[in-house]
Structure formats: C-alpha cells, structure tokens
>>> print(open('my_file_7.txt').read())   # compact mmCIF, C-alpha atoms and all ligand atoms
# COMPACT_ATOMS: atom_id res chain seq x y z
CA MET A 1 83.99 147.19 171.50
CA LEU A 2 83.41 150.50 169.77
CA GLU A 3 81.82 153.54 171.31
CA ALA A 4 80.35 156.57 169.63
CA GLY A 5 79.01 159.80 171.06
CA THR A 6 76.95 160.88 168.09
CA GLY A 7 74.93 159.28 165.30
CA GLN A 8 77.47 160.42 162.76
CA GLU A 9 80.32 158.79 164.69
CA ALA A 10 78.38 155.55 165.12
CA PHE A 11 77.61 155.49 161.45
CA GLU A 12 81.26 156.02 160.54
CA GLN A 13 82.40 153.15 162.76
CA PHE A 14 79.73 150.80 161.55
CA GLY A 15 81.19 148.37 159.06
CA ALA A 16 82.38 144.85 158.66
CA GLY A 17 83.26 143.38 162.02
CA VAL A 18 80.38 144.87 163.99
CA ASP A 19 78.27 142.05 165.39
CA LEU A 20 75.78 143.91 167.53
CA VAL A 21 74.72 147.53 168.05
CA PHE A 22 73.17 149.20 171.10
CA LEU A 23 71.69 152.42 169.92
CA ASP A 24 70.26 155.26 171.98
CA TYR A 25 67.09 156.77 170.66
CA ARG A 26 68.08 160.31 171.62
CA LEU A 27 71.31 161.35 169.98
CA PRO A 28 72.94 164.77 169.94
CA ASP A 29 72.84 165.09 166.17
CA THR A 30 69.93 162.93 165.02
CA ASP A 31 67.57 160.23 166.27
CA GLY A 32 68.13 156.51 166.63
CA LEU A 33 65.56 155.55 164.03
CA THR A 34 67.44 157.41 161.29
CA ILE A 35 70.68 155.66 162.18
CA LEU A 36 68.88 152.32 162.50
CA LYS A 37 67.48 152.70 158.99
CA GLU A 38 70.92 153.51 157.54
CA MET A 39 72.58 150.62 159.36
CA LYS A 40 69.94 148.16 158.19
CA ARG A 41 70.49 149.35 154.66
CA LEU A 42 74.25 148.78 154.94
CA ASP A 43 74.12 145.41 156.67
CA GLY A 44 70.73 143.90 157.41
CA ASP A 45 72.32 141.02 159.33
CA VAL A 46 73.58 143.03 162.29
CA PRO A 47 71.05 143.18 165.15
CA VAL A 48 70.39 146.65 166.48
CA VAL A 49 68.95 147.07 169.99
CA LEU A 50 67.30 150.44 170.49
CA LEU A 51 67.49 151.98 173.96
CA THR A 52 65.19 154.65 175.22
CA SER A 53 64.19 156.21 178.49
CA PHE A 54 60.61 157.06 177.62
CA VAL A 55 57.98 154.67 176.42
CA ASN A 56 56.38 155.57 173.18
CA VAL A 57 54.44 152.81 171.48
CA GLU A 58 54.56 154.41 168.07
CA THR A 59 58.34 154.75 168.15
CA ALA A 60 58.67 151.16 169.32
CA VAL A 61 56.47 149.92 166.48
CA GLU A 62 58.38 152.02 163.98
CA ALA A 63 61.69 150.64 165.28
CA MET A 64 60.51 147.05 164.97
CA LYS A 65 59.25 147.76 161.45
CA LEU A 66 62.63 149.12 160.50
CA GLY A 67 64.16 145.84 161.65
CA ALA A 68 65.33 146.63 165.20
CA PHE A 69 66.21 143.45 167.08
CA HIS A 70 64.75 144.71 170.32
CA PHE A 71 63.46 147.85 171.94
CA ALA A 72 64.67 148.26 175.55
CA ASN A 73 63.51 150.78 178.08
CA LYS A 74 65.94 152.56 180.36
CA PRO A 75 66.84 151.98 183.07
CA PHE A 76 67.47 148.35 182.28
CA ASN A 77 68.41 145.26 184.15
CA LEU A 78 71.97 144.26 183.29
CA ASP A 79 71.23 140.53 183.40
CA GLU A 80 68.47 141.02 180.91
CA ILE A 81 70.72 143.04 178.66
CA ALA A 82 73.41 140.35 178.85
CA ALA A 83 70.90 137.66 177.88
CA LEU A 84 69.63 139.87 175.09
CA ALA A 85 73.16 140.44 173.80
CA ALA A 86 73.86 136.70 173.81
CA ARG A 87 70.72 136.05 171.81
CA ALA A 88 71.49 138.86 169.38
CA LEU A 89 75.06 137.66 168.80
CA GLU A 90 73.80 134.15 168.13
CA THR A 91 71.41 135.65 165.60
CA THR A 92 74.25 137.45 163.81
CA ARG A 93 76.30 134.28 163.71
CA LEU A 94 73.41 132.25 162.27
CA ARG A 95 72.47 134.92 159.74
CA ARG A 96 76.04 135.12 158.49
CA GLU A 97 76.32 131.35 158.34
CA VAL A 98 73.15 131.08 156.28
CA ARG A 99 74.46 133.75 153.95
CA GLN A 100 77.76 131.93 153.49
CA LEU A 101 76.05 128.60 152.97
CA ARG A 102 73.77 130.12 150.37
CA ALA A 103 76.69 131.65 148.56
CA SER A 104 78.67 128.39 148.55
CA GLU A 105 75.60 126.46 147.45
CA GLY A 106 75.44 128.78 144.48
CA ARG A 107 79.10 128.51 143.55
CA PRO A 108 78.51 125.75 140.98
CA PHE A 109 76.02 127.99 139.22
CA SER A 110 78.25 130.57 137.59
CA LEU A 111 77.84 131.54 133.93
CA GLN A 112 80.48 128.92 133.13
CA ALA A 113 78.13 126.22 134.38
CA ILE A 114 76.36 126.68 131.06
CA VAL A 115 78.73 124.61 128.97
CA GLY A 116 79.23 125.00 125.23
CA GLN A 117 81.40 126.93 122.80
CA SER A 118 79.01 127.32 119.91
CA PRO A 119 77.79 130.82 119.00
CA THR A 120 74.33 129.64 120.11
CA ILE A 121 75.47 128.90 123.67
CA GLU A 122 77.74 131.96 123.71
CA ALA A 123 74.67 134.08 122.90
CA LEU A 124 72.69 132.26 125.57
CA ARG A 125 75.34 133.01 128.20
CA GLN A 126 75.34 136.68 127.21
CA MET A 127 71.58 136.83 127.47
CA VAL A 128 71.63 135.14 130.88
CA ALA A 129 74.25 137.63 132.10
CA LYS A 130 72.12 140.55 130.95
CA VAL A 131 69.01 139.18 132.56
CA ALA A 132 70.82 138.43 135.82
CA GLY A 133 72.03 142.03 135.83
CA SER A 134 68.50 143.37 135.66
CA PRO A 135 67.13 144.09 139.11
CA GLY A 136 64.01 141.99 139.25
CA SER A 137 62.30 141.65 135.92
CA THR A 138 60.33 138.49 135.29
CA VAL A 139 61.98 135.87 133.09
CA LEU A 140 60.32 133.22 130.93
CA LEU A 141 62.44 130.20 130.01
CA THR A 142 61.21 128.05 127.16
CA GLY A 143 62.74 125.03 125.53
CA GLU A 144 62.39 121.29 125.16
CA SER A 145 62.87 118.94 128.06
CA GLY A 146 66.51 118.53 129.07
CA THR A 147 67.78 121.75 127.48
CA GLY A 148 68.87 123.34 130.76
CA LYS A 149 65.94 125.44 132.02
CA ASP A 150 66.52 124.46 135.65
CA LEU A 151 70.21 125.13 135.27
CA VAL A 152 69.68 128.56 133.70
CA ALA A 153 67.15 129.56 136.37
CA LYS A 154 69.79 128.84 139.05
CA VAL A 155 72.54 130.63 137.13
CA ILE A 156 70.30 133.70 136.82
CA HIS A 157 69.71 133.71 140.56
CA TYR A 158 73.24 132.96 141.72
CA THR A 159 74.90 135.45 139.38
CA SER A 160 72.46 138.20 140.30
CA ALA A 161 72.51 140.67 143.16
CA ARG A 162 69.97 138.36 144.80
CA ALA A 163 72.46 135.49 145.18
CA SER A 164 72.71 135.68 148.96
CA ARG A 165 68.94 135.62 149.32
CA PRO A 166 66.85 132.44 148.86
CA PHE A 167 66.25 130.60 145.60
CA MET A 168 62.94 128.76 145.90
CA ASN A 169 61.51 126.50 143.32
CA ILE A 170 58.19 124.81 142.78
CA THR A 171 56.84 122.60 140.01
CA CYS A 172 53.37 123.82 139.17
CA SER A 173 52.22 120.45 137.86
CA ALA A 174 53.32 118.51 140.92
CA LEU A 175 50.64 119.71 143.34
CA PRO A 176 46.88 119.91 143.35
CA GLU A 177 45.52 123.44 142.94
CA GLN A 178 44.76 124.21 146.59
CA LEU A 179 48.13 122.98 147.81
CA LEU A 180 50.01 124.87 145.14
CA GLU A 181 48.16 128.03 146.07
CA SER A 182 49.02 127.75 149.74
CA GLU A 183 52.60 126.74 148.96
CA LEU A 184 53.01 129.87 146.86
CA PHE A 185 51.03 132.43 148.81
CA GLY A 186 50.83 130.86 152.26
CA HIS A 187 47.67 130.69 154.32
CA GLU A 188 46.15 132.02 157.50
CA ARG A 189 45.14 129.76 160.33
CA GLY A 190 41.76 128.19 159.55
CA ALA A 191 41.78 129.22 155.89
CA PHE A 192 40.73 125.66 155.06
CA THR A 193 40.15 122.45 156.94
CA ASP A 194 43.79 121.42 157.25
CA ALA A 195 45.11 124.90 157.88
CA ARG A 196 45.74 124.50 161.60
CA MET A 197 48.50 127.05 161.66
CA GLN A 198 49.44 130.14 159.78
CA LYS A 199 51.96 129.40 157.05
CA ARG A 200 54.26 131.60 155.02
CA GLY A 201 54.30 130.88 151.32
CA LEU A 202 57.25 130.56 148.99
CA LEU A 203 56.90 134.15 147.82
CA GLU A 204 57.31 135.38 151.37
CA SER A 205 60.16 133.04 152.21
CA ALA A 206 61.99 134.07 149.06
CA ASP A 207 61.79 137.79 149.82
CA GLY A 208 64.79 139.48 148.25
CA GLY A 209 65.52 136.38 146.18
CA THR A 210 64.09 134.40 143.30
CA VAL A 211 61.13 132.07 142.87
CA PHE A 212 61.39 129.54 140.05
CA LEU A 213 57.99 128.42 138.80
CA ASP A 214 58.63 125.30 136.76
CA GLU A 215 56.08 123.94 134.27
CA ILE A 216 54.09 127.14 134.44
CA GLY A 217 52.07 125.95 131.44
CA GLU A 218 50.31 123.49 133.77
CA MET A 219 49.05 126.12 136.20
CA VAL A 220 45.26 126.17 136.53
CA PRO A 221 43.44 129.37 135.45
CA ALA A 222 42.40 130.45 138.95
CA LEU A 223 46.02 130.49 140.08
CA GLN A 224 47.13 132.12 136.85
CA ALA A 225 44.88 135.04 137.78
CA LYS A 226 46.32 135.26 141.28
CA LEU A 227 49.89 135.10 140.00
CA LEU A 228 49.15 137.83 137.48
CA ARG A 229 47.87 140.06 140.26
CA PHE A 230 51.04 139.44 142.22
CA LEU A 231 53.27 140.25 139.23
CA GLU A 232 51.41 143.47 138.63
CA GLU A 233 51.15 144.67 142.20
CA LYS A 234 54.17 142.99 143.83
CA SER A 235 51.87 142.18 146.72
CA PHE A 236 49.43 139.41 147.57
CA LYS A 237 47.24 138.06 150.33
CA ARG A 238 47.74 134.75 152.06
CA VAL A 239 44.92 132.28 151.46
CA GLY A 240 42.18 133.31 153.86
CA GLY A 241 44.05 136.50 154.70
CA ALA A 242 43.01 140.12 154.43
CA THR A 243 46.28 142.02 154.60
CA ASP A 244 48.43 142.75 151.59
CA ILE A 245 51.92 141.36 151.86
CA ARG A 246 54.55 143.13 149.86
CA VAL A 247 57.68 141.28 148.77
CA ASP A 248 60.59 141.84 146.45
CA VAL A 249 60.92 138.62 144.46
CA ARG A 250 62.11 137.89 140.94
CA VAL A 251 59.91 135.33 139.25
CA VAL A 252 61.55 132.99 136.77
CA ALA A 253 59.00 130.79 135.01
CA ALA A 254 59.73 127.85 132.75
CA THR A 255 57.79 125.66 130.39
CA ASN A 256 58.50 123.13 127.68
CA ARG A 257 55.14 123.87 126.13
CA ASP A 258 54.52 126.42 123.39
CA LEU A 259 52.81 128.99 125.62
CA GLU A 260 51.65 131.12 122.70
CA ALA A 261 49.84 128.10 121.31
CA GLU A 262 48.36 127.46 124.76
CA VAL A 263 47.15 131.06 124.78
CA GLU A 264 45.51 130.60 121.38
CA LYS A 265 43.80 127.45 122.59
CA GLY A 266 42.48 129.40 125.58
CA ARG A 267 44.35 127.28 128.10
CA PHE A 268 46.73 129.99 129.25
CA ARG A 269 45.80 133.60 130.05
CA SER A 270 47.20 135.94 127.45
CA ASP A 271 47.66 138.77 129.98
CA LEU A 272 49.75 136.49 132.18
CA PHE A 273 51.74 135.34 129.17
CA TYR A 274 52.65 138.93 128.27
CA ARG A 275 53.44 139.71 131.89
CA LEU A 276 55.79 136.71 132.11
CA ASN A 277 57.31 137.26 128.72
CA VAL A 278 59.17 140.45 129.73
CA LEU A 279 62.55 138.77 129.35
CA PRO A 280 62.09 135.59 127.30
CA ILE A 281 64.98 133.16 126.97
CA ARG A 282 64.63 130.28 124.57
CA LEU A 283 66.91 127.36 125.29
CA PRO A 284 68.08 125.70 122.09
CA ALA A 285 67.61 121.98 121.49
CA LEU A 286 70.91 120.12 121.47
CA ARG A 287 70.51 119.24 117.77
CA GLU A 288 70.58 123.00 117.04
CA HIS A 289 74.07 123.24 118.52
CA ALA A 290 75.40 119.75 117.82
CA ASP A 291 78.91 121.19 117.54
CA ASP A 292 78.84 121.44 121.34
CA VAL A 293 78.41 117.68 121.74
CA PRO A 294 82.17 116.99 122.13
CA THR A 295 82.55 119.79 124.70
CA LEU A 296 79.55 118.59 126.67
CA VAL A 297 80.75 114.99 126.53
CA GLY A 298 84.15 116.12 127.88
CA PHE A 299 82.45 118.11 130.62
CA PHE A 300 80.37 115.15 131.78
CA ILE A 301 83.33 112.76 131.56
CA ASP A 302 85.23 115.07 133.93
CA ASN A 303 82.28 115.18 136.29
CA PHE A 304 81.72 111.42 136.35
CA ASN A 305 85.46 110.74 136.65
CA ARG A 306 85.28 112.65 139.90
CA GLU A 307 82.04 111.07 141.01
CA PHE A 308 82.91 107.46 140.11
CA LYS A 309 86.66 107.82 140.81
CA LYS A 310 87.48 106.78 137.27
CA LYS A 311 90.14 107.91 134.84
CA ILE A 312 88.44 107.92 131.48
CA LEU A 313 90.48 110.05 129.09
CA GLY A 314 87.84 110.74 126.46
CA VAL A 315 86.03 109.09 123.59
CA THR A 316 87.41 107.45 120.47
CA PRO A 317 86.85 109.30 117.18
CA ALA A 318 84.40 106.61 116.11
CA ALA A 319 82.39 107.06 119.29
CA GLN A 320 82.52 110.82 118.87
CA ALA A 321 81.02 110.39 115.43
CA VAL A 322 78.23 108.22 116.83
CA LEU A 323 77.45 110.89 119.41
CA GLN A 324 77.49 113.71 116.89
CA GLY A 325 75.37 111.86 114.39
CA TYR A 326 72.68 111.14 116.96
CA GLY A 327 69.56 113.33 117.10
CA TRP A 328 69.39 113.82 120.93
CA PRO A 329 65.63 114.05 121.39
CA GLY A 330 66.25 114.21 125.16
CA ASN A 331 68.83 116.99 124.74
CA VAL A 332 71.66 117.58 127.25
CA ARG A 333 69.96 115.45 129.92
CA GLU A 334 69.97 112.46 127.56
CA LEU A 335 73.60 113.11 126.66
CA ARG A 336 74.53 113.24 130.33
CA ASN A 337 72.74 109.97 131.03
CA VAL A 338 74.32 108.30 128.01
CA VAL A 339 77.82 109.36 129.11
CA GLU A 340 77.10 108.21 132.65
CA ARG A 341 76.01 104.76 131.49
CA ALA A 342 78.96 104.47 129.10
CA MET A 343 81.38 105.34 131.90
CA LEU A 344 79.93 102.68 134.15
CA LEU A 345 80.29 100.09 131.39
CA ALA A 346 83.60 101.17 129.90
CA GLU A 347 86.60 98.92 130.24
CA GLY A 348 89.15 100.90 128.25
CA GLU A 349 90.61 104.36 128.79
CA ARG A 350 88.47 105.85 126.07
CA LEU A 351 84.77 105.38 125.50
CA GLU A 352 84.09 103.35 122.37
CA PRO A 353 81.03 103.00 120.19
CA ARG A 354 80.12 99.77 121.96
CA ASP A 355 79.96 101.64 125.28
CA PHE A 356 77.22 103.66 123.66
CA GLY A 357 75.55 100.44 122.51
CA ALA A 358 72.09 101.68 123.36
CA LEU A 359 72.45 104.63 120.99
CA VAL A 360 73.92 102.62 118.17
CA SER A 361 71.55 99.70 118.31
CA GLY A 362 68.62 101.84 119.38
CA ARG A 363 68.82 103.64 116.09
CA SER A 364 69.73 100.86 113.74
CA SER A 365 69.02 97.23 113.08
CA ALA A 366 67.11 96.29 116.20
CA ASP A 367 64.41 98.93 116.14
CA LEU A 368 64.49 100.45 112.68
CA PHE A 369 64.65 97.50 110.33
CA ASP A 370 62.22 94.65 110.07
CA LEU A 371 63.08 91.89 107.73
CA PRO A 372 60.65 92.15 104.77
CA ALA A 373 58.67 89.05 103.92
CA ALA A 374 60.64 88.64 100.70
CA GLY A 375 63.95 88.85 102.64
CA VAL A 376 66.92 91.07 101.72
CA ASN A 377 70.30 90.80 100.16
CA LEU A 378 72.42 91.56 103.20
CA GLU A 379 75.51 92.30 101.14
CA GLU A 380 73.63 94.89 99.05
CA LEU A 381 72.09 96.43 102.16
CA GLU A 382 75.49 96.72 103.77
CA ARG A 383 76.97 98.32 100.67
CA SER A 384 74.12 100.81 100.50
CA LEU A 385 74.43 101.75 104.16
CA VAL A 386 78.19 102.22 104.00
CA SER A 387 77.76 104.37 100.93
CA GLN A 388 75.03 106.45 102.59
CA ALA A 389 77.15 106.93 105.69
CA LEU A 390 80.07 108.16 103.58
CA LYS A 391 77.82 110.59 101.79
CA ARG A 392 76.33 111.91 105.00
CA SER A 393 79.73 112.42 106.59
CA GLY A 394 81.03 114.22 103.53
CA GLY A 395 83.53 111.44 102.87
CA ASN A 396 84.97 111.51 106.40
CA GLN A 397 85.69 107.84 107.09
CA THR A 398 85.87 108.21 110.85
CA LYS A 399 82.51 109.93 111.02
CA ALA A 400 80.98 107.43 108.61
CA ALA A 401 82.32 104.59 110.75
CA GLY A 402 80.73 106.20 113.79
CA LEU A 403 77.36 106.34 112.10
CA LEU A 404 77.60 102.59 111.61
CA GLY A 405 79.02 101.77 115.01
CA MET A 406 82.30 100.61 113.47
CA ASN A 407 85.91 101.56 113.80
CA ARG A 408 87.95 102.97 110.93
CA ASP A 409 89.54 99.67 109.96
CA GLN A 410 86.17 98.02 109.73
CA ILE A 411 84.80 100.69 107.40
CA ARG A 412 87.99 100.82 105.30
CA TYR A 413 87.71 97.10 104.74
CA ARG A 414 84.16 97.52 103.48
CA ILE A 415 84.97 100.53 101.31
CA GLU A 416 87.59 98.46 99.57
CA LYS A 417 85.43 95.36 99.43
CA PHE A 418 82.53 97.22 97.79
CA GLY A 419 84.79 99.41 95.68
CA LEU A 420 83.27 102.58 97.10
CA THR A 421 85.04 105.90 96.73
CA ALA A 422 85.41 107.75 99.95
N1 LIG B 501 74.49 123.92 128.53
C1 LIG B 501 74.60 123.04 129.54
N2 LIG B 501 75.78 122.87 130.16
C2 LIG B 501 75.91 121.98 131.17
N3 LIG B 501 74.93 121.22 131.62
C3 LIG B 501 73.74 121.34 131.05
C4 LIG B 501 73.49 122.26 129.99
N4 LIG B 501 72.20 122.17 129.63
C5 LIG B 501 71.67 121.24 130.43
N5 LIG B 501 72.57 120.73 131.28
C6 LIG B 501 72.36 119.65 132.27
O1 LIG B 501 71.42 118.76 131.71
C7 LIG B 501 70.53 118.27 132.69
C8 LIG B 501 69.11 118.63 132.33
O2 LIG B 501 68.95 120.04 132.41
P1 LIG B 501 67.68 120.74 133.12
O3 LIG B 501 67.20 119.88 134.23
O4 LIG B 501 68.09 122.12 133.42
O5 LIG B 501 66.67 120.69 131.91
P2 LIG B 501 65.18 121.29 131.80
O6 LIG B 501 65.18 122.16 130.60
O7 LIG B 501 64.82 121.90 133.09
O8 LIG B 501 64.31 120.00 131.50
P3 LIG B 501 62.76 119.70 131.87
O9 LIG B 501 61.93 120.51 130.91
O10 LIG B 501 62.63 118.23 131.62
O11 LIG B 501 62.57 120.08 133.29
C9 LIG B 501 70.98 118.87 133.98
O12 LIG B 501 71.84 117.95 134.62
C10 LIG B 501 71.73 120.11 133.56
O13 LIG B 501 72.67 120.49 134.50
MG MG B 502 63.37 121.34 134.48
>>> encode(input="my_file_7.txt", output="structure tokens")
Amino acid sequence: MLEAGTGQEAFEQFGAGVDLVFLDYRLPDTDGLTILKEMKRLDGDVPVVLLTSFVNVETAVEAMKLGAFHFANKPFNLDEIAALAARALETTRLRREVRQLRASEGRPFSLQAIVGQSPTIEALRQMVAKVAGSPGSTVLLTGESGTGKDLVAKVIHYTSARASRPFMNITCSALPEQLLESELFGHERGAFTDARMQKRGLLESADGGTVFLDEIGEMVPALQAKLLRFLEEKSFKRVGGATDIRVDVRVVAATNRDLEAEVEKGRFRSDLFYRLNVLPIRLPALREHADDVPTLVGFFIDNFNREFKKKILGVTPAAQAVLQGYGWPGNVRELRNVVERAMLLAEGERLEPRDFGALVSGRSSADLFDLPAAGVNLEELERSLVSQALKRSGGNQTKAAGLLGMNRDQIRYRIEKFGLTA
C-alpha cells in the first residue's frame, strides 16, 4: 500500500502496480479532480474512489464524468469502504484481463500476417503500416472477393494504437435496414416496437477502437446519410434518442464493388464516398501477384499441417506449375481452400497435380472441351496442346507439364514422340 500526502506525491507514485486509488478531494497542493483526470489519462483501468467531507452535487457529477469509480462522503462506514474496495479491485482485475485477452486475440494479426514477397504485397504492407499509424482516419478497402479485406482490416486495428480497444465488425448486407441501424447506432427504449430496452450500438461499444463496415456498397441510402453525419461530426444519436453521443472510433469500410461506378449510377452517395475514401487501399487480385502463389501455398501448408497434424513437405514442381498457371478467380481464399482440400486428399509427402484434381480437370477436358460433331484427331490435339503449353511456359518443361497436369517424364515422352523442340 502506498500513501501520499500531496497530489504531486500521489501522482509520482502512480504507475504500474497500482490497483486502486482512494483520493481525497481537498489536497494541499491541488484538488482531487485534477489528479483524477491525470491518473485516468495515464491508466484508465485503475479505479479511483474520490473521498470528500462536503456534499457538492456538481463536483460529484464532474468526478463521475471524469471516470471516478465512486464518490464517497466522509465520514464513511468502514464496512462499506471494504466492500467498495473489493468491488473496485475485481473491476481492475477484469479490465486488465479483457485488455490482455484483446491483445492476445490480435497477436495473429501483425503486418506479417499479410503474406507475400512480391513488390505488390510489400507495397501493401507498407501502406497498411502507414494507415495503422494514423490516429483515426477513415479507411476504404476495395478489392475482389477473397483478396484479404477482412484480414487487412484486422491488421490495421491490431497494429494501431487502438489495439487494446475493441474491434467490432458488421456486414452491411446481412441485416435489414432497421436492424442494421440499431446495431450500429443503438436505440432508446421504445424507439420501435421491439425496443424493450435501451441498447448501445457498435459505435458506442467500440469507443477507442475500430468498427469494420463490410460490404459498405450494400448500405441503403438512409443509413448512408446517417453514417456520413457520424463521420463528419464524430457524434450520433441512438435511434429514438435526443442526445448526441460522442465517440472516438476509426471506421474501416470494405467493398468488392466499384464504388465510383455505384456513385455514378446514383446508388451510393458521392459525399459519403469521398468521406470514406480518405485513405483508400486497393487489394490486388491474386493473378496480379501470381509470383506470391508459392509463398502463399507454403504458408497454408504450414497452417494446415498444424491444424490437421500432417507432415506435408511441400508441392512437386509439376503441381507448383499447375497452381501458378491457374487464374485464381477466387483469389487467396480459393487458394487456401484448394490447398486445404489437397492436404486432406494427399497420400504422399508432397502435393502432386492429382491432389489438385479439381483445378486441373476443372480447367481442361471436362468443362472446356466438347467433342465436335465431326470428332477430333486426338493425337493432333495432344500435340497441339503440348506445343502450346511449351510456348506458354517459355520452354520450361516442368511448368508446361504442370499446365497439362503431367509430370516431367510424361511431357518429355510426348515432346520426343511429337518431335517438338522444347
Ligand atoms: N496476403 C494474404 N496473406 C495471408 N492470408 C491471406 C492473404 N490474403 C487473404 N488471405 C486469407 O484469405 C482468406 C480470404 O480473405 P478475406 O476474408 O480477408 O477476403 P475478403 O477480401 O474479405 O473477401 P470478401 O470480399 O469475400 O469478404 C482469409 O482466410 C485470409 O486470411
Ligand atoms: Mg470479407
């Protein structure tokens, strides 16, 4: 237990390790409210009980506003004070636990969670770091489905100064308008038929943290207007409420739509678009950084080895070629799913083209070619395809084999058979 005779002394002793503060209102050098304010700024988790011998409602209200845990009048009953201290200590313990849990929850979302060595991904990581370093500016994430918008939103939050505060996320297309509005802004009791109790919205719960608004392109115009007002004023009213509620929240919005096109079509408010577009981050499609495919494949193999308790060492060169030659319309998500399926099917130590059967056959014979009425010369077709694969792979036999779902021996045999030059 630490004791201090003046505000200055108390302030100097206040640091890590203090779990609870009893603070007199009248101090020789200053008043309790000033010290309370400073302590709350240093460590908002520590409960401060203010003690005073004269009742003054205004001071009490001010103390509670500044975050005092309790306001006790002297002389006080020792039993009451003991109970109060027990409650306050429990509060400290819980607050610290929540903080630690939040921090550990965020540990997987460091900058390194964005995997890839290409200049494209390197630039993306740099951009994310810069954005995370900005205090609270709004971020707009765009990019096709499966490119990592959710991931980047979390990395921004958990690498920012807001990391120990909440990360809340909501998918704007998942809820009907009225529900989405009350989820976001909260409502007062009786605001609508089902509103039996007052409810805090996501923006309030996330105070100090980040709100991720996914699929923002699907938000209805009425809510777009309300969100715009919040972004401009940093305050809002609960549904059915009259008081302005002020919060400090970073909004990260994401969409896989072309928002500018939506603006032109009159489906998305241009003023909201500009307000959201303060820090735009465009996530590249996987085909734009196909050189990261091997790195990503390795990353997911490691992950699934752990999850499935397997010991897959990697992929064969032929399989690598299949993966690199593929167009990845579903981006990193598709790649992850494909690796997951292959690892469940694989029998060998390395993943082979046949483990990626769905990719190979999905692209070739089964779906792409229909036998013409006049039939084909299979030998000629084979020759032509082998030759095309060699051309596309710049003469690299392993890559060409991958494009055809073969191994190197199989393609070598055909190169010789057809007298092709590699
Ligand atoms: N660069 C990357 N490094 C590691 N994992 C990634 C990367 N990009 C995406 N992922 C992973 O791919 C999967 C899909 O990513 P995510 O859910 O973030 O995509 P999205 O852009 O939000 O897609 P949608 O528009 O469909 O919501 C997730 O498992 C994510 O962790
Ligand atoms: Mg997403």
>>> residues_around(input="my_file_7.txt", residues="Leu276 in chain A", least_positions_apart="2", cutoff="7 Å", atoms="all atoms listed in the file", output="mmCIF file with C-alpha atoms, keeping the file's coordinate frame")
data_model
loop_
_atom_site.group_PDB
_atom_site.id
_atom_site.type_symbol
_atom_site.label_atom_id
_atom_site.label_comp_id
_atom_site.auth_asym_id
_atom_site.auth_seq_id
_atom_site.Cartn_x
_atom_site.Cartn_y
_atom_site.Cartn_z
ATOM 1 C CA THR A 138 60.330 138.490 135.290
ATOM 2 C CA VAL A 139 61.980 135.870 133.090
ATOM 3 C CA LEU A 140 60.320 133.220 130.930
ATOM 4 C CA LEU A 272 49.750 136.490 132.180
ATOM 5 C CA PHE A 273 51.740 135.340 129.170
ATOM 6 C CA TYR A 274 52.650 138.930 128.270
ATOM 7 C CA VAL A 278 59.170 140.450 129.730
#
>>> residues_near_ligand(input="my_file_7.txt", ligand="ligand LIG 501 (chain B)", cutoff="10 Å", atoms="only C-alpha atoms and all ligand atoms", output="PyMOL selection string")
chain A and resi 109+111-117+121-122+124-125+141-154+171+214-215+254-257+283-286+292+295-297+299-300+330-337
>>> residues_around(input="my_file_7.txt", residues="Pro47 in chain A", least_positions_apart="3", cutoff="9 Å", atoms="only C-alpha atoms", output="PyMOL selection string")
chain A and resi 19-22+40+44+67-70+88-89+91-92
>>> closest_residue(input="my_file_7.txt", among="A:Arg392, A:Arg383, A:Lys310, A:His289", to="Thr120 in chain A", atoms="all atoms listed in the file")
A:His289
>>> closest_residue(input="my_file_7.txt", among="A:Val339, A:Val293, A:Met168, A:Leu213", to="ligand MG 502 (chain B)", atoms="all atoms listed in the file")
A:Leu213
>>> residues_around(input="my_file_7.txt", residues="Gly133 in chain A", least_positions_apart="4", cutoff="10 Å", atoms="only C-alpha atoms", output="JSON, numbers by chain")
{"A": [127, 128, 129, 137, 156, 157, 159, 160, 161, 162]}
>>> closest_residue(input="my_file_7.txt", among="A:Arg287, A:Ala374, A:Leu359, A:Phe304", to="Trp328 in chain A", atoms="only C-alpha atoms")
A:Arg287
>>> residues_around(input="my_file_7.txt", residues="Thr316 in chain A", least_positions_apart="3", cutoff="12 Å", atoms="all atoms listed in the file", output="PyMOL selection string")
chain A and resi 294+297-298+312-313+319-323+346+348-356+398-399+401-402+405-408
>>> write_last_selection(input="my_file_7.txt", atoms="C-alpha atoms", output="mmCIF file, in the frame of the given file")
data_model
loop_
_atom_site.group_PDB
_atom_site.id
_atom_site.type_symbol
_atom_site.label_atom_id
_atom_site.label_comp_id
_atom_site.auth_asym_id
_atom_site.auth_seq_id
_atom_site.Cartn_x
_atom_site.Cartn_y
_atom_site.Cartn_z
ATOM 1 C CA PRO A 294 82.170 116.990 122.130
ATOM 2 C CA VAL A 297 80.750 114.990 126.530
ATOM 3 C CA GLY A 298 84.150 116.120 127.880
ATOM 4 C CA ILE A 312 88.440 107.920 131.480
ATOM 5 C CA LEU A 313 90.480 110.050 129.090
ATOM 6 C CA ALA A 319 82.390 107.060 119.290
ATOM 7 C CA GLN A 320 82.520 110.820 118.870
ATOM 8 C CA ALA A 321 81.020 110.390 115.430
ATOM 9 C CA VAL A 322 78.230 108.220 116.830
ATOM 10 C CA LEU A 323 77.450 110.890 119.410
ATOM 11 C CA ALA A 346 83.600 101.170 129.900
ATOM 12 C CA GLY A 348 89.150 100.900 128.250
ATOM 13 C CA GLU A 349 90.610 104.360 128.790
ATOM 14 C CA ARG A 350 88.470 105.850 126.070
ATOM 15 C CA LEU A 351 84.770 105.380 125.500
ATOM 16 C CA GLU A 352 84.090 103.350 122.370
ATOM 17 C CA PRO A 353 81.030 103.000 120.190
ATOM 18 C CA ARG A 354 80.120 99.770 121.960
ATOM 19 C CA ASP A 355 79.960 101.640 125.280
ATOM 20 C CA PHE A 356 77.220 103.660 123.660
ATOM 21 C CA THR A 398 85.870 108.210 110.850
ATOM 22 C CA LYS A 399 82.510 109.930 111.020
ATOM 23 C CA ALA A 401 82.320 104.590 110.750
ATOM 24 C CA GLY A 402 80.730 106.200 113.790
ATOM 25 C CA GLY A 405 79.020 101.770 115.010
ATOM 26 C CA MET A 406 82.300 100.610 113.470
ATOM 27 C CA ASN A 407 85.910 101.560 113.800
ATOM 28 C CA ARG A 408 87.950 102.970 110.930
#
